[in-house]
Every structure is written in C-alpha cells, then in structure tokens.
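Peer 1: What follows is my_file-v2.cif, mmCIF, C-alpha atoms.
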data_my_file
#
loop_
_atom_site.label_atom_id
_atom_site.label_comp_id
_atom_site.auth_asym_id
_atom_site.auth_seq_id
_atom_site.Cartn_x
_atom_site.Cartn_y
_atom_site.Cartn_z
CA MET L 1 -8.30 3.47 10.41
CA LYS L 2 -9.04 3.71 14.07
CA ALA L 3 -7.24 6.48 15.88
CA SER L 4 -5.15 5.52 18.85
CA PRO L 5 -2.59 7.16 21.08
CA LEU L 6 0.20 5.32 19.36
CA MET L 7 -1.02 6.24 15.90
CA GLY L 8 -1.50 9.81 16.99
CA ALA L 9 2.00 9.99 18.37
CA LEU L 10 3.50 8.49 15.24
CA TRP L 11 1.43 10.73 13.03
CA GLU L 12 2.66 13.76 14.92
CA MET L 13 6.23 12.75 14.18
CA ASP L 14 5.54 12.73 10.44
CA PRO L 15 8.29 14.94 8.97
CA ASP L 16 5.93 15.99 6.19
CA ARG L 17 3.17 17.03 8.51
CA GLY L 18 2.04 20.55 7.83
CA HIS L 19 3.92 20.84 4.57
CA LEU L 20 2.15 23.07 2.08
CA SER L 21 2.54 22.44 -1.63
CA VAL L 22 1.10 23.84 -4.81
CA ALA L 23 -1.33 21.41 -6.37
CA PRO L 24 0.15 19.75 -9.45
CA THR L 25 -1.32 20.40 -12.88
CA ALA L 26 -1.02 18.81 -16.28
CA GLY L 27 0.97 21.85 -17.38
CA ASP L 28 3.76 21.56 -14.86
CA ALA L 29 7.16 22.07 -16.42
CA THR L 30 8.59 18.94 -14.84
CA LEU L 31 5.80 16.81 -16.25
CA LEU L 32 6.18 18.31 -19.70
CA ALA L 33 9.91 17.72 -19.62
CA ILE L 34 9.36 14.09 -18.70
CA MET L 35 6.84 13.61 -21.46
CA SER L 36 9.22 15.08 -23.99
CA SER L 37 11.52 12.13 -23.50
CA PRO L 38 11.11 8.81 -25.28
CA ARG L 39 9.01 6.23 -23.56
CA ALA L 40 9.37 2.48 -23.78
CA VAL L 41 7.45 0.69 -26.49
CA GLU L 42 5.13 -2.07 -25.42
CA ALA L 43 6.35 -4.89 -27.61
CA THR L 44 9.80 -6.38 -27.67
CA ARG L 45 11.90 -4.18 -29.84
CA PRO L 46 13.63 -5.76 -32.81
CA THR L 47 16.76 -3.79 -32.10
CA MET L 48 20.11 -4.86 -33.40
CA LEU L 49 22.66 -5.63 -30.76
CA ARG L 50 25.63 -3.41 -30.89
CA GLN L 51 28.76 -5.42 -30.82
CA PRO L 52 30.29 -5.55 -27.38
CA ARG L 53 33.64 -3.95 -27.45
CA THR L 54 36.45 -3.73 -25.04
CA TRP L 55 36.96 -0.22 -23.89
CA LYS L 56 39.57 1.30 -21.75
CA LEU L 57 38.86 3.57 -18.90
CA ALA L 58 40.02 7.09 -19.31
CA GLY L 59 43.03 8.29 -17.45
CA ALA L 60 42.90 9.83 -14.05
CA ALA L 61 43.09 13.29 -15.53
CA ALA L 62 39.71 12.68 -17.08
CA ALA L 63 38.26 11.23 -13.95
CA VAL L 64 34.67 12.28 -13.93
CA ALA L 65 31.43 10.74 -13.01
CA VAL L 66 30.87 7.08 -13.39
CA THR L 67 27.29 6.47 -12.55
CA VAL L 68 26.09 3.21 -11.20
CA THR L 69 22.53 3.11 -10.18
CA VAL L 70 19.53 0.96 -10.80
CA VAL L 71 15.87 1.25 -10.31
CA GLY L 72 14.97 -1.94 -8.61
CA ILE L 73 12.88 -2.73 -5.63
CA VAL L 74 15.28 -2.90 -2.74
CA SER L 75 14.02 -5.26 -0.16
CA PRO L 76 15.79 -6.84 2.76
CA TRP L 77 13.24 -9.59 2.90
CA GLY L 78 12.56 -10.91 -0.56
CA GLY L 79 12.20 -14.56 -1.33
CA THR L 80 14.11 -16.87 -3.58
CA SER L 81 11.56 -19.35 -4.87
CA ALA L 82 11.33 -17.83 -8.31
CA PHE L 83 15.00 -18.29 -9.08
CA ALA L 84 14.89 -22.02 -9.60
CA SER L 85 16.93 -21.89 -12.79
CA TRP L 86 19.72 -19.82 -11.23
CA THR L 87 23.19 -21.33 -11.46
CA ALA L 88 26.25 -20.61 -9.37
CA ALA L 89 28.36 -20.49 -12.50
CA PRO L 90 27.37 -18.41 -15.51
CA THR L 91 25.35 -20.23 -18.14
CA ALA L 92 27.10 -20.55 -21.47
CA LEU L 93 25.02 -19.32 -24.37
CA SER L 94 25.82 -18.97 -28.01
CA ALA L 95 26.69 -15.48 -29.12
CA ALA L 96 23.38 -15.25 -30.93
CA GLU L 97 21.40 -16.38 -27.90
CA GLU L 98 23.19 -13.95 -25.66
CA ALA L 99 22.76 -11.15 -28.16
CA ALA L 100 19.05 -11.86 -28.37
CA ARG L 101 18.72 -11.45 -24.62
CA VAL L 102 20.81 -8.32 -24.46
CA ALA L 103 18.86 -6.78 -27.31
CA GLN L 104 15.74 -6.76 -25.17
CA CYS L 105 17.27 -4.24 -22.80
CA PRO L 106 17.08 -0.49 -23.24
CA GLN L 107 20.47 0.84 -24.14
CA GLN L 108 19.93 4.55 -23.85
CA TYR L 109 21.07 6.02 -20.58
CA PRO L 110 17.88 7.49 -19.10
CA THR L 111 17.83 11.12 -18.13
CA PRO L 112 14.92 13.33 -17.22
CA GLU L 113 15.48 15.15 -20.48
CA GLY L 114 15.50 11.91 -22.44
CA THR L 115 18.76 12.81 -24.11
CA GLY L 116 21.06 10.23 -22.60
CA PRO L 117 23.63 8.54 -24.80
CA THR L 118 23.27 5.02 -26.11
CA LEU L 119 25.67 2.75 -24.28
CA ASP L 120 27.41 -0.41 -25.36
CA PRO L 121 26.84 -3.74 -23.67
CA VAL L 122 30.04 -4.65 -21.85
CA LEU L 123 28.92 -7.60 -19.77
CA ALA L 124 26.10 -10.13 -19.91
CA ASP L 125 25.85 -12.45 -16.94
CA VAL L 126 23.52 -15.34 -17.76
CA ARG L 127 22.29 -17.73 -15.09
CA GLY L 128 19.48 -19.94 -16.24
CA ASP L 129 16.55 -17.81 -17.31
CA TYR L 130 18.12 -14.69 -15.87
CA THR L 131 20.39 -12.25 -17.57
CA PHE L 132 22.08 -9.28 -15.98
CA VAL L 133 23.53 -6.83 -18.46
CA ILE L 134 25.83 -3.89 -17.91
CA PHE L 135 26.00 -1.18 -20.53
CA SER L 136 28.64 1.50 -20.44
CA ASN L 137 30.47 4.04 -22.50
CA GLY L 138 33.27 4.40 -20.00
CA GLU L 139 31.64 7.21 -18.10
CA LEU L 140 28.07 6.11 -17.59
CA VAL L 141 26.77 2.75 -16.55
CA LEU L 142 23.35 1.28 -17.15
CA GLN L 143 22.08 -2.00 -15.79
CA CYS L 144 19.37 -4.27 -17.09
CA TYR L 145 17.86 -7.32 -15.50
CA LEU L 146 16.09 -9.68 -17.85
CA GLU L 147 14.03 -12.73 -17.07
CA THR L 148 13.36 -14.74 -20.17
CA SER L 149 11.18 -17.62 -19.04
CA THR L 150 8.01 -15.53 -19.08
CA THR L 151 7.56 -12.30 -20.91
CA GLY L 152 10.95 -10.75 -20.41
CA ALA L 153 10.60 -8.63 -17.33
CA ILE L 154 13.06 -5.81 -17.53
CA LEU L 155 14.27 -3.53 -14.84
CA ALA L 156 15.63 -0.51 -16.54
CA ALA L 157 18.24 1.67 -15.01
CA THR L 158 18.67 5.24 -14.17
CA GLY L 159 21.45 6.99 -12.43
CA GLU L 160 23.28 9.78 -10.82
CA ALA L 161 26.85 10.90 -10.74
CA GLY L 162 29.16 8.90 -8.60
CA PRO L 163 32.82 8.37 -7.92
CA VAL L 164 35.02 6.89 -10.52
CA ARG L 165 37.58 4.21 -9.94
CA GLN L 166 39.41 4.31 -13.15
CA THR L 167 42.84 3.08 -12.35
CA LEU L 168 43.24 -0.43 -11.10
CA ALA L 169 46.47 -0.83 -9.26
CA GLY L 170 48.27 -3.98 -10.25
CA SER L 171 45.87 -6.69 -11.27
CA ASN L 172 42.79 -6.44 -9.18
CA VAL L 173 39.10 -5.77 -9.13
CA THR L 174 36.86 -3.05 -7.79
CA ALA L 175 33.34 -3.33 -6.46
CA GLU L 176 30.95 -0.73 -7.79
CA SER L 177 28.06 -2.50 -6.12
CA ASN L 178 27.60 -5.24 -3.56
CA GLY L 179 24.22 -5.39 -1.93
CA VAL L 180 20.64 -6.50 -1.98
CA THR L 181 18.16 -5.53 -4.61
CA THR L 182 15.05 -7.20 -5.85
CA TRP L 183 14.14 -8.70 -9.14
CA ALA L 184 10.53 -8.10 -8.51
CA TYR L 185 9.19 -5.75 -11.11
CA GLY L 186 6.80 -7.14 -13.66
CA PRO L 187 5.50 -10.63 -14.29
CA GLY L 188 8.86 -12.28 -13.91
CA GLY L 189 9.65 -10.75 -10.56
CA GLY L 190 11.15 -13.16 -8.14
CA GLY L 191 12.21 -11.42 -4.95
CA ALA L 192 15.45 -10.31 -3.45
CA ILE L 193 18.81 -10.93 -4.97
CA THR L 194 22.28 -10.01 -3.84
CA LEU L 195 24.26 -8.45 -6.63
CA ALA L 196 27.88 -7.47 -6.92
CA TYR L 197 29.80 -6.14 -9.86
CA GLY L 198 32.72 -3.95 -10.64
CA LEU L 199 35.74 -3.40 -12.78
CA ALA L 200 38.40 -6.00 -13.42
CA ALA L 201 41.96 -5.49 -14.56
CA ASP L 202 42.84 -6.82 -17.98
CA ASP L 203 44.58 -9.93 -16.70
CA VAL L 204 41.73 -11.04 -14.44
CA THR L 205 40.25 -14.25 -15.77
CA ALA L 206 37.99 -15.32 -12.93
CA VAL L 207 36.34 -13.96 -9.79
CA GLU L 208 34.83 -16.37 -7.30
CA ALA L 209 33.09 -15.81 -4.00
CA THR L 210 32.35 -18.40 -1.36
CA LEU L 211 29.03 -18.01 0.37
CA ALA L 212 28.42 -18.69 4.03
CA ASP L 213 26.91 -22.06 3.16
CA GLY L 214 30.02 -23.08 1.26
CA ARG L 215 28.69 -22.60 -2.23
CA VAL L 216 31.12 -21.02 -4.64
CA VAL L 217 29.68 -18.44 -7.01
CA LYS L 218 31.59 -17.68 -10.15
CA ALA L 219 31.38 -14.26 -11.71
CA THR L 220 31.11 -13.42 -15.34
CA VAL L 221 34.24 -11.55 -16.40
CA GLN L 222 33.99 -9.65 -19.67
CA ASN L 223 35.50 -6.53 -21.16
CA GLY L 224 37.08 -5.36 -17.95
CA TRP L 225 34.00 -5.94 -15.84
CA TRP L 226 32.93 -8.70 -13.49
CA ALA L 227 29.48 -9.46 -12.07
CA MET L 228 27.80 -12.09 -9.97
CA TRP L 229 24.52 -12.40 -8.11
CA VAL L 230 22.79 -14.91 -5.90
CA PRO L 231 19.12 -15.35 -5.06
CA GLY L 232 17.99 -14.01 -1.73
CA ASP L 233 19.33 -11.47 0.67
CA ALA L 234 21.89 -13.57 2.51
CA GLY L 235 24.59 -11.44 1.02
CA LEU L 236 27.80 -11.96 -0.82
CA PRO L 237 31.07 -11.92 1.08
CA ASP L 238 33.34 -8.92 1.11
CA THR L 239 36.20 -10.92 -0.30
CA ALA L 240 36.55 -12.88 -3.52
CA THR L 241 39.25 -14.98 -5.06
CA VAL L 242 40.64 -13.37 -8.17
CA THR L 243 42.45 -15.51 -10.73
CA HIS L 244 44.82 -14.03 -13.26
CA ALA L 245 45.96 -14.95 -16.73
CA ASP L 246 49.24 -16.32 -15.42
CA GLY L 247 47.39 -18.75 -13.20
CA THR L 248 48.04 -17.01 -9.94
CA ALA L 249 45.22 -16.12 -7.60
CA ASN L 250 44.71 -13.78 -4.69
CA ASP L 251 41.97 -12.65 -2.40
CA ALA L 252 40.56 -9.22 -3.16
CA SER L 253 37.95 -7.08 -1.50
CA ILE L 254 34.61 -6.81 -3.26
CA ALA L 255 33.16 -4.56 -0.61
CA VAL L 256 31.82 -1.30 -1.92
CA GLY L 257 34.20 1.50 -1.14
CA SER L 258 37.30 -0.60 -0.82
CA GLU L 259 40.37 0.38 -2.74
CA PRO L 260 41.74 -2.00 -5.34
CA MET Y 1 -1.35 2.91 -26.27
CA ASP Y 2 -0.61 5.79 -28.61
CA ASP Y 3 1.35 8.86 -27.62
CA ALA Y 4 -1.69 10.97 -26.83
CA GLN Y 5 -3.09 8.27 -24.59
CA ALA Y 6 0.26 7.87 -22.89
CA ARG Y 7 0.55 11.59 -22.23
CA LYS Y 8 -2.97 11.70 -20.86
CA ARG Y 9 -2.25 8.70 -18.65
CA LEU Y 10 0.92 10.17 -17.21
CA ALA Y 11 -0.66 13.57 -16.72
CA ASP Y 12 -3.49 11.94 -14.78
CA LEU Y 13 -0.96 10.09 -12.65
CA TRP Y 14 0.94 13.30 -12.04
CA VAL Y 15 -2.07 15.33 -11.01
CA THR Y 16 -3.43 12.57 -8.81
CA HIS Y 17 -0.32 11.18 -7.20
CA GLN Y 18 2.49 13.73 -7.43
CA PRO Y 19 1.72 15.08 -3.95
CA ALA Y 20 1.92 11.59 -2.44
CA VAL Y 21 5.18 10.86 -4.22
CA ALA Y 22 6.64 14.18 -3.13
CA ALA Y 23 5.55 13.63 0.46
CA PHE Y 24 7.01 10.13 0.37
CA ALA Y 25 10.30 11.60 -0.79
CA ARG Y 26 10.28 14.42 1.75
CA ARG Y 27 9.91 11.87 4.54
CA ARG Y 28 13.01 10.04 3.44
CA MET Y 29 15.32 12.47 1.73
CA PRO Y 30 16.85 15.88 2.36
CA PRO Y 31 14.88 18.76 0.85
CA ASP Y 32 17.29 19.38 -1.98
CA ALA Y 33 16.85 15.84 -3.28
CA VAL Y 34 13.07 15.70 -3.27
CA ASP Y 35 12.44 17.23 -6.68
CA ASP Y 36 14.95 14.89 -8.28
CA VAL Y 37 13.32 11.86 -6.69
CA VAL Y 38 9.91 12.97 -7.92
CA SER Y 39 11.22 13.61 -11.42
CA GLU Y 40 13.03 10.30 -11.61
CA THR Y 41 9.98 8.48 -10.31
CA PHE Y 42 7.70 9.88 -12.97
CA MET Y 43 10.41 9.39 -15.56
CA VAL Y 44 10.29 5.68 -14.82
CA ALA Y 45 6.50 5.83 -14.82
CA TRP Y 46 6.60 7.46 -18.24
CA ARG Y 47 8.72 4.68 -19.62
CA LYS Y 48 6.31 2.13 -18.20
CA VAL Y 49 3.12 4.08 -18.69
CA HIS Y 50 1.61 1.31 -20.78
CA GLU Y 51 1.78 -1.07 -17.83
CA VAL Y 52 0.49 1.01 -14.96
CA PRO Y 53 -1.38 -1.33 -12.63
CA SER Y 54 -4.64 -0.55 -10.88
CA HIS Y 55 -2.83 0.15 -7.62
CA GLU Y 56 -1.33 3.31 -9.02
CA ARG Y 57 -0.18 4.97 -5.82
CA ALA Y 58 1.58 1.90 -4.48
CA TRP Y 59 3.19 1.36 -7.87
CA LEU Y 60 4.51 4.90 -7.97
CA LEU Y 61 5.72 4.78 -4.39
CA ALA Y 62 7.51 1.51 -5.11
CA ILE Y 63 9.29 3.27 -7.95
CA ALA Y 64 10.05 6.23 -5.69
CA ARG Y 65 11.41 3.87 -3.09
CA ASN Y 66 13.66 2.34 -5.69
CA VAL Y 67 14.88 5.72 -6.78
CA ILE Y 68 15.59 6.69 -3.20
CA ALA Y 69 17.23 3.37 -2.46
CA THR Y 70 19.49 3.89 -5.42
CA ARG Y 71 20.61 7.19 -4.00
CA VAL Y 72 20.94 5.73 -0.53
CA ARG Y 73 22.88 2.83 -1.88
CA THR Y 74 25.40 5.21 -3.31
CA HIS Y 75 26.17 6.15 0.23
CA GLY Y 76 26.49 2.59 1.39
CA ARG Y 77 23.13 1.83 2.94
CA TRP Y 78 21.06 -0.93 1.47
CA GLN Y 79 18.91 -2.81 3.84
CA ALA Y 80 16.02 -0.44 4.38
CA LEU Y 81 15.18 3.11 3.75
CA ALA Y 82 15.64 5.28 6.73
CA VAL Y 83 12.69 7.47 7.42
CA ARG Y 84 13.06 10.83 9.02
CA ILE Y 85 11.03 12.14 11.86
CA ALA Y 86 9.75 15.59 12.52
CA SER Y 87 12.54 17.61 14.00
CA GLU Y 88 10.31 20.01 15.83
CA PRO Y 89 7.00 19.53 17.58
CA THR Y 90 4.04 20.84 15.68
CA ASP Y 91 1.61 23.27 17.15
CA VAL Y 92 -1.40 21.15 16.39
CA ALA Y 93 -3.26 20.28 19.55
CA PRO Y 94 -3.33 16.55 20.13
CA ALA Y 95 -6.61 14.75 20.32
CA ALA Y 96 -7.73 13.83 23.76
CA ALA Y 97 -7.01 10.17 23.25
CA GLU Y 98 -3.44 10.91 22.29
CA VAL Y 99 -2.55 12.79 25.42
CA ALA Y 100 -1.79 9.57 27.24
CA LEU Y 101 1.37 9.01 25.22
CA ASP Y 102 4.41 11.10 25.94
CA ARG Y 103 5.61 12.25 22.55
CA ALA Y 104 9.20 12.58 23.66
CA HIS Y 105 9.30 8.99 24.77
CA VAL Y 106 7.63 7.77 21.63
CA LYS Y 107 10.33 9.60 19.77
CA GLN Y 108 13.00 7.95 21.88
CA ALA Y 109 11.49 4.54 21.31
CA TRP Y 110 11.17 5.24 17.62
CA ALA Y 111 14.85 6.03 17.47
CA ARG Y 112 15.63 2.63 18.90
CA LEU Y 113 13.73 0.77 16.20
CA THR Y 114 15.62 -0.68 13.29
CA ASP Y 115 15.31 0.90 9.85
CA PRO Y 116 13.08 -1.93 8.57
CA GLU Y 117 10.83 -1.56 11.61
CA ARG Y 118 10.53 2.17 11.14
CA GLU Y 119 9.90 1.74 7.46
CA VAL Y 120 6.92 -0.56 7.81
CA LEU Y 121 5.39 1.67 10.47
CA ALA Y 122 5.98 4.81 8.43
CA LEU Y 123 4.40 3.36 5.32
CA VAL Y 124 1.18 2.94 7.26
CA ALA Y 125 1.25 5.75 9.80
CA TRP Y 126 2.72 8.48 7.59
CA ASP Y 127 2.17 7.50 3.99
CA GLY Y 128 -1.29 6.28 4.82
CA LEU Y 129 -0.99 3.03 2.93
CA THR Y 130 -3.01 -0.06 3.54
CA SER Y 131 -1.09 -3.21 4.29
CA GLU Y 132 -1.72 -4.38 0.75
CA GLU Y 133 -0.36 -1.16 -0.71
CA ALA Y 134 2.61 -1.12 1.62
CA ALA Y 135 3.41 -4.71 0.71
CA ARG Y 136 3.46 -3.69 -2.94
CA VAL Y 137 5.80 -0.83 -2.17
CA LEU Y 138 8.19 -3.18 -0.41
CA GLY Y 139 7.76 -5.90 -2.99
CA CYS Y 140 6.60 -8.51 -0.54
CA LEU Y 141 3.45 -10.47 0.15
CA ARG Y 142 0.69 -8.82 2.11
CA SER Y 143 0.89 -11.55 4.72
CA THR Y 144 4.61 -10.97 5.02
CA PHE Y 145 4.09 -7.28 5.47
CA SER Y 146 1.46 -7.87 8.12
CA VAL Y 147 3.88 -10.00 10.08
CA ARG Y 148 6.56 -7.33 9.86
CA LEU Y 149 4.12 -4.64 10.84
CA THR Y 150 2.94 -6.62 13.83
CA ARG Y 151 6.49 -7.25 14.94
CA ALA Y 152 7.46 -3.61 14.51
CA ARG Y 153 4.42 -2.45 16.43
CA ARG Y 154 5.06 -4.87 19.25
CA ARG Y 155 8.67 -3.86 19.43
CA LEU Y 156 7.72 -0.21 19.58
CA LEU Y 157 5.31 -0.97 22.38
CA ALA Y 158 7.97 -2.98 24.17
CA LEU Y 159 10.40 -0.10 23.87
CA LEU Y 160 7.78 2.23 25.23
CA ASP Y 161 7.36 -0.12 28.15
CA ASP Y 162 11.09 0.08 28.72
CA GLU Y 163 10.99 3.84 28.92
CA PRO Y 164 10.65 4.96 32.52
CA HIS Y 165 8.37 7.90 31.82
CA VAL Y 166 5.95 6.44 29.38
CA PRO Y 167 2.59 6.03 30.99
CA ALA Y 168 0.49 4.93 28.11
CA PRO Y 169 1.08 1.37 26.97
CA SER Y 170 0.49 -0.24 30.32
CA SER Y 171 -1.93 2.30 31.67
CA PRO Y 172 -5.63 1.59 31.85
CA SER Y 173 -6.36 4.47 29.50
CA VAL Y 174 -4.29 2.98 26.70
CA PRO Y 175 -4.33 -0.78 26.85
CA PRO Y 176 -1.72 -2.44 24.69
CA ARG Y 177 -4.28 -4.51 22.88
CA ALA Y 178 -6.01 -1.42 21.70
CA LEU Y 179 -2.71 -0.21 20.33
CA GLU Y 180 -2.14 -3.47 18.56
CA GLY Y 181 -5.34 -3.08 16.67
CA ASP Y 182 -4.87 0.41 15.46
CA LEU Y 183 -3.00 -0.22 12.28
CA PRO Y 184 -4.39 -1.99 9.26
#
Can you turn what I pasted into structure tokens?
Peer 2:
Amino acid sequence: MKASPLMGALWEMDPDRGHLSVAPTAGDATLLAIMSSPRAVEATRPTMLRQPRTWKLAGAAAAVAVTVTVVGIVSPWGGTSAFASWTAAPTALSAAEEAARVAQCPQQYPTPEGTGPTLDPVLADVRGDYTFVIFSNGELVLQCYLETSTTGAILAATGEAGPVRQTLAGSNVTAESNGVTTWAYGPGGGGAITLAYGLAADDVTAVEATLADGRVVKATVQNGWWAMWVPGDAGLPDTATVTHADGTANDASIAVGSEP
Amino acid sequence: MDDAQARKRLADLWVTHQPAVAAFARRRMPPDAVDDVVSETFMVAWRKVHEVPSHERAWLLAIARNVIATRVRTHGRWQALAVRIASEPTDVAPAAAEVALDRAHVKQAWARLTDPEREVLALVAWDGLTSEEAARVLGCLRSTFSVRLTRARRRLLALLDDEPHVPAPSSPSVPPRALEGDLP
C-alpha cells in the first residue's frame, strides 16, 4: 500500500494505534472456555423437533432479560437477487415439512460457556425456500435463518440481555426488532433483508405492513409472536395493520422501542 | 473434523487472529465491551470451525462485525457500524509526506462523513484489509466495495477541500489524484 498524506492522516486517527496487548496463546483461558462448549456438527442433525407450544410471558414482577440478538452480517447495501422464491405472504407448509425445516436449526441458546438452555420453537416464518425461526423459553430468544434450496445455510444466534416487554396493553403488538440484516452467511447467502418481529397479544390474528412500493407483506403470527421480512434494505414501515379475532383492525407501531 | 482437529484449528485461529479481532473491536466498541466481542466472535468460529474459509481474517472480522452490530442494534442503530477515532493525538512523528495534511481538519472532515463512508475507509486504513477482504467483511462484492471506497474517499477529499485551513488536497505537494490512488 502506497503511503500518502491522506492515508497517514487517517492512520494517525486509528483509535487502536499504539495499543499494547499480550500475545495470545493456545492456553488462554478464554479460548479454553470457548472450546469447552459444544460445537456444531458438520452434517444435518437428525434431531427431533420439539413440539411448539404456546407459552405465556411471565408477569411484570418477574420482568428480567429477554434477549434478542442475532449473528448475521448487517449490511446497508446488500442485494436481493438471491431471494427469488420469497413471497409477501407466508408459505403454507405441512406440519411435517415445517418441522423438518425447524429441526435443522440449533435450539440451544449459545453462551460462551456452552451451557445455554434448549429453547422451544415458537414461530416459523416460511417464504419460499427461506425459513425464519424464533426459539424462546419466555426469557431468552434465539433466531435461526434457514435457506433450504441449497445446503441449508443457517445463521445461528447469540445474544445479550435486553429489555423485556412482557405485558401487552389491550390487544396489540410489540416490535423486538425492525431493521436490516443480511442473509449472507454460507452457500445460501443472498444479501440484505429487512426483518421485523415481536410479540403479539393473544387475540391478534394478522399483522400486515405496506411497503413504500405498495406491496403488502403479511406476517406469520404464531404462539404470541409475529414476524415478517422482505428482501433488500428498503426497510419496513414503522406502522402495521393489526387484525384481531373479532375482526376489528387497527394501526400499530412496529418501530423498535415503541410502546404497545 | 474430529474434536482434536477442531481444537487445533480454533487454537490456530486464536493465536493468529485474536489480535486483529480485538483491535477491530476496540476501534468500534467501548473498552468494557471488547473482551465480550472477542469471546462471542470466537464462540461463533468454534461452532463453525469445520467451515472456516481460506480468508480466515476476513471471515473472523465479518463475524466480529455481526457481533458488534447485534450489540449496536440493541441500541437502535443498524445501518453501519460507527467507528471511533483516536481521541488524543499520538506522539509519533508524522512522516514527511504527511505533514501537508492538517490532522485537525482531516478529523473535522472525517466527522462529517456518514457511518458507511467511515466504515469502508476504516476497514482499509485502520484494519489493514484489502478491498477483497473488506468486501467479505461487509458481505458485498469486491466491485461494490471498491465503488463505495472510491465514493467515500472522494467525499473525504471534497470535505477537506471545503475546510478553509486544509492545504493539502489542492496543493501541489499533495495532488488529489495521488490521494485517490493510495488505497487498494
């Protein structure tokens, strides 16, 4: 790399410049702790799908960390060409087909110690070859992205403690996530997607969002959760139409941080 | 890959690339979060140790970026990772060729860049990645990264031109075209 005044000036602004660290070794405690945890097997695991079950969020008195995080390449620029089979409405699969997809995801909440609990699948959003799965035990949340047209590229999840929104006032939805991530890890990677999901009150039967181009995207609503995603980074709106069991509908915010 | 091979593979990755991952994290996160980012990054690498590609460093930094983005996302920022800048001048004497640029004004111009612009420049100027590696970190095509890098560089130069006390970009000693060619 040829030195230049600009490069030199930028290099001098490097916040890590001059930092002194101890050279890592194969005996470092952090490394050993990581290696003491289970690692993924290489072949598809013939795991049995735990039956999805409806669970209720704990009361406010027990309000502690719900964790919603994912390891996915976050890109503001990703493409959309690889999502040809995506559909604006969830794809209906048989229970067996859906279970087969969900079973390919890791279900143990990952922790550095490798001792995370096994979570139950609570939502599987299927759109063409793509399946987005949420696992939860009511306190922790794990996401899995699965692309089934090739070799089953999985983005596993990890997490950190976050705020809990356990009580849904009236009959509404919350947004635990609404932003751009990328389905780009592994052979089935396809570029940026915009993903939103959250909790839904018991009487919520449908959540729909209208994109800037007029397309209406329908969420999957299962077990008190809702989720939708669209290819690309154009974004989902901050407001969705929520339909209830009695047939009524209202607009609700699906912006992260909004109150239900 | 059996367990012994996996452990050997991860240990090699750790010894070789842990400093780069830690530096990457330090440039983007507060000090108290750096160790967690490094641990989480290698935790993911451990789970995927059987599929480590040949571009190991870029692969690990892409994971680290994801880990950081996850944390950043928790606080409501999604579009690009913000990169920090040195808060204090260092005492390293600048090379003669660098004297032409006023560091303070470069810093001002840097502050006016967008997060995506700063990120592509930082991947190359600070993390020392090639365009191909940086593209892998961002999950985009190399050609796409090159376009973004060129745009970011030109915008930085334009901002420097806007600054009233910046002598370098338009001065004979530092022709803009030379600046445009300095990054891979």
Peer 1: Quote the spacing between CA of Gly198 (chain L) and CA of Ile254 (chain L) in Å to one decimal place.
Peer 2: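 Between CA of Gly198 (chain L) and CA of Ile254 (chain L) the gap is 8.1 Å.
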Peer 1: Please indicate the distance in Å from CA of Ala100 (chain L) to CA of Leu146 (chain L), rounded to one decimal place.
Peer 2: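 Distance between the two atoms: 11.1 Å.
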Peer 1: What does the distance between CA of Glu176 (chain L) and CA of Pro117 (chain L) come to in Å, to one decimal place?
Peer 2: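 We find that CA of Glu176 (chain L) and CA of Pro117 (chain L) lie 20.7 Å from each other.
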Peer 1: Compare L:Ala255, L:Met228, L:Val221, L:Leu199 by their minimum atom-to-atom distance to chain Y, counting only C-alpha atoms, and give me the closest one.
Peer 2: L:Ala255
Peer 1: Which one of L:Gly18, L:Pro231, L:Pro106, L:Pro24 sits closest to Thr87 (chain L) if you count only C-alpha atoms?
Peer 2: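 Among L:Gly18, L:Pro231, L:Pro106, L:Pro24, it is L:Pro231 that comes nearest to Thr87 (chain L).
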Peer 1: Calculated over all atoms listed in the file, which of the candidates Y:Arg142, Y:Glu40, Y:Gln18, Y:His50 has the smallest distance to Thr70 (chain Y)?
Peer 2: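 Residue with the minimum atom-to-atom distance to Thr70 (chain Y): Y:Glu40.
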Peer 1: Under the rule that only C-alpha atoms are counted, which of Y:Ala20, Y:Cys140, Y:Pro53, Y:His105 is the nearest residue to chain L?
Peer 2: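 So, comparing all the options, the nearest one is Y:Cys140.
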Peer 1: Translate the PyMOL selection byres ((chain L and resi 93) around 12), as applied to the file shown, into an explicit residue set as number ranges by chain.
Peer 2: L: 90-92, 94-102, 124-131
Peer 1: For each of Y:Val124, Y:Met43, Y:Val21, Y:Leu13, take the minimum atom-to-atom distance to chain L, counting all atoms listed in the file, then give the residue where this is smallest.
Peer 2: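 Selected residue with least distance to chain L: Y:Met43.
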Peer 1: Run the PyMOL selection byres ((chain Y and resi 42) around 9) mentally over the shown coordinates, then write out the matched residues as a ChimeraX atom specification, using the chain letters and numbers from the document.
Peer 2: /L:31,34 /Y:10,13-14,18,37-41,43-47,60,63-64
Peer 1: Nearest to Pro19 (chain Y) among L:Ser253, L:Ser21, L:Thr118, L:Ser37, with distances taken over all atoms listed in the file: which residue is it?
Peer 2: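 Counting all atoms listed in the file, the residue closest to Pro19 (chain Y) is L:Ser21.
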Peer 1: Translate the PyMOL selection byres ((chain Y and resi 130) around 12) into a concrete residue list for this structure, as an MDAnalysis selection string.
Peer 2: (chainID L and resid 1) or (chainID Y and resid 55 57:58 120:129 131:137 142 145:146 149 183:184)
